[in-house]
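Trainee: Just dropping this structure here.
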Amino acid sequence: MEPQVVQFRSGIYGDLQPLALCATDLSPAPKPIMVELIPGTLQGIRQAAADCLLICRAAQERGRACVALRPSGRGNGSLFEGYGEADVFEAIAAVRARIAIDPDRISVRGSSMGGAATWFHAARYPDFWSAAAPHCGYCDYTLWEKPGGSTFPMQPWEEFSWIARTAAFCPENLRNVALHVTHGEWDRAVGGGVSVEHSRGMARRLAQLGIAHRYTEVPKLGHEALPEELWKTITLWLLEQRRVAQPDRVSLAVHTLRHNRSHWVAVEEQAIYGAVSRVDARFAPRTARVAVTTENVRRIALGPLPEAAGVEVRIDGTSFARLDLAAGAREFMRGKQGAWVRSERTAPAGNKRHGLSGPFGDLFIEPTVVVHGQSGSDAENHFNESVATNAVRFFNRFNGGVHRGGILGENSVPIPVLSDVRMLDLVERDSVPGPPAQGVVVDKALLTRANLIFVGNYRSNAALAQLARRLPLVFGKGRVELGGKAFTGAHLAFAAVFPHPDNRRYVGVLGGSEPDAICWGSHLNLQLLPDYLVFDRARVVDWGFWSAAWR
């Protein structure tokens, strides 16, 4: 039972990432794993391993076997979202490759920022976790407001991203997750503190929805660690919980298609993007009926549900007799008249779908490369490169705008930056890649699978110009056209996301009608952007979300 710091090779950029790990034993018997999400793990990775040992000791004292894991989250303040989110699941997979893990006993816990991350993961991956135990975790961005303004700046176009990241706006997703919530009675939003109202409010919401949970408010405790005995009690409780594999009732709130499913229900298309979609699905085994109600859903998938081999499915009042949901998922879509009909195929090619639906921040969970134009005038080339390098630096320094409840976020993701000339050399002329930068090799293989953010326009960025006929994007003098929408202005610029023509990844564009127009977007929080934002120097012209057809 020796704690370890282990490295694994990430599938994102092929670089090595650390994790902290301890196991009570290495027997072939599958064991529960407890994933602890704690800020600062990367800089204190050896202490994190020692903390994993404490979990294993607590389990062993009671005769239990377990594994304890602390992912690094790709940064000390990534909130374990986006790239940090991907790191959590990669770390779990790396441990499962070494140690026998029971897939139905994977629990998550965390404190403060880690408590917020615990709320996020439990609410957005409710069919993965067996249990969650957030301690003094923030879960409602609206509670950060104070006299004189909120404790963090939020632009109007960023609010939907905060809603999508906030467990308080999707508490129904927690219906089938075992929960033990803790908070100190005296915790308030002072310094790094989190008001106890976050946990009190969630406890009220869960109670109103009839969702079972435990809430322990520790008297006379501020923003501090749990008392040892309570910590041990919750540790053992987490290890005992088993994932609910096939619940009879699934409630699901979806804000973006990145997090679109729970158990046997998936929202495949929204009717309106930039708004919440909701599903409540109930299976009655005795009567062999599945009843579903939806809100803002255009396409839905139901199944597989093992006991539903021949059932009546009723969606918003429309009935379908004798359907087999046991063999696999069945898709349904709204017809032209608005009524639900069976669908034998997935969404039309090119339409928004899981993993390719926006908004702009969705680029930052998979490999992304920034390509700045060096094929224009000297001024264009200068501004393009300056904006590209600053965008990555700003993204790392402030975590793309996703902060820690009033404390700035940060991450250490090595997003590559290169010129359009160098990209074309690598992709078209099979040039030899340069040496790794921060452990990342930028080669043809990466450039043909990664999301691409182009900086510049068709005149200054030759790599972007190659896609001109296949992107809904037009540049003109004092004019740009995005997704069929035309805008005019003296210094127009924009940030926008589209599907790459290969329909496997994203194309992001930071471009403008004048050489320096994009410079006014140097402080945009990229993880919080909608599908598009158009600005004319300091004036925001328009922003919004594309339709299912990216228009």
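Ordering of the structure tokens sets the chain letters (A, B, ...); residue numbers start at 1 within each chain; ligands are numbered from 1 in the order shown.
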Where in region 58-118 of chain A does DSSP assign strand (DSSP E), given as an MDAnalysis selection string?
Mentor: chainID A and resid 67:71 101:111
Trainee: Those selected residues, please, written with C-alpha atoms and delivered as a short mmCIF file (atom, residue, chain, number, x, y, z; two decimals), in the first residue's frame.
Mentor:
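Below you can see out24.cif, which holds the result:
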```cif
data_model
loop_
_atom_site.label_atom_id
_atom_site.label_comp_id
_atom_site.auth_asym_id
_atom_site.auth_seq_id
_atom_site.Cartn_x
_atom_site.Cartn_y
_atom_site.Cartn_z
CA VAL A 67 -8.19 2.49 -4.81
CA ALA A 68 -7.78 6.24 -4.31
CA LEU A 69 -7.02 8.54 -7.25
CA ARG A 70 -6.20 12.22 -7.55
CA PRO A 71 -6.10 13.47 -11.16
CA ILE A 101 -11.61 -1.67 -10.79
CA ASP A 102 -15.31 -2.30 -10.29
CA PRO A 103 -16.98 -0.04 -12.92
CA ASP A 104 -20.13 0.18 -10.78
CA ARG A 105 -18.26 1.58 -7.79
CA ILE A 106 -16.53 4.71 -9.06
CA SER A 107 -17.24 7.62 -6.73
CA VAL A 108 -16.18 11.27 -6.74
CA ARG A 109 -15.53 13.77 -3.97
CA GLY A 110 -13.87 17.15 -3.55
CA SER A 111 -13.68 20.30 -1.45
#
```
Trainee: What parts of region 249-396 of chain A does DSSP call alpha helix (DSSP H)? I'd like the answer as a list in words.
Mentor: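 The alpha helix (DSSP H) residues within region 249-396 of chain A come out as Asp378, Ala379, Glu380, Asn381, His382, Phe383, Asn384, Glu385, Ser386, Val387, Ala388, Thr389, Asn390, Ala391, Val392, Arg393, Phe394, Phe395 and Asn396 of chain A.
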Trainee: Record the distance separating CA of Glu307 (chain A) and CA of Ala321 (chain A), expressed in Å with one decimal.
Mentor: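 So the answer is 15.6 Å.
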Trainee: In Å, rounded to a single decimal, give me how far CA of Asp531 (chain A) is from CA of Arg551 (chain A).
Mentor: 10.4 Å
Trainee: Using only C-alpha atoms, find the one residue out of A:Pro134, A:Gly439, A:Gly82, A:Gly222 that sits nearest to Gly191 (chain A).
Mentor: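 Comparing A:Pro134, A:Gly439, A:Gly82, A:Gly222 against Gly191 (chain A), the winner is A:Gly222.
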Trainee: Using only C-alpha atoms for the distances, tell me which of A:Asp378, A:Glu229, A:Asp127, A:Glu385 is nearest to His263 (chain A).
Mentor: A:Asp127
Trainee: Just give me the gap between CA of Cys519 (chain A) and CA of Val371 (chain A) in Å, one decimal is fine.
Mentor: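 Between these atoms lies a distance of 15.8 Å.
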Trainee: Please, which residues in region 102-175 of chain A fall within 12 Å of region 335-359 of chain A when counting only C-alpha atoms, and what is the closest atom pair and distance in Å to one decimal for each, ordered by chain then residue number, as CSV?
Mentor:
```
residue,atom,partner,partner_atom,distance
A:Trp157,CA,A:Pro359,CA,11.1
A:Glu158,CA,A:Pro359,CA,10.7
A:Phe160,CA,A:Pro359,CA,10.0
A:Ser161,CA,A:Pro359,CA,8.6
A:Ala164,CA,A:Pro359,CA,10.9
```
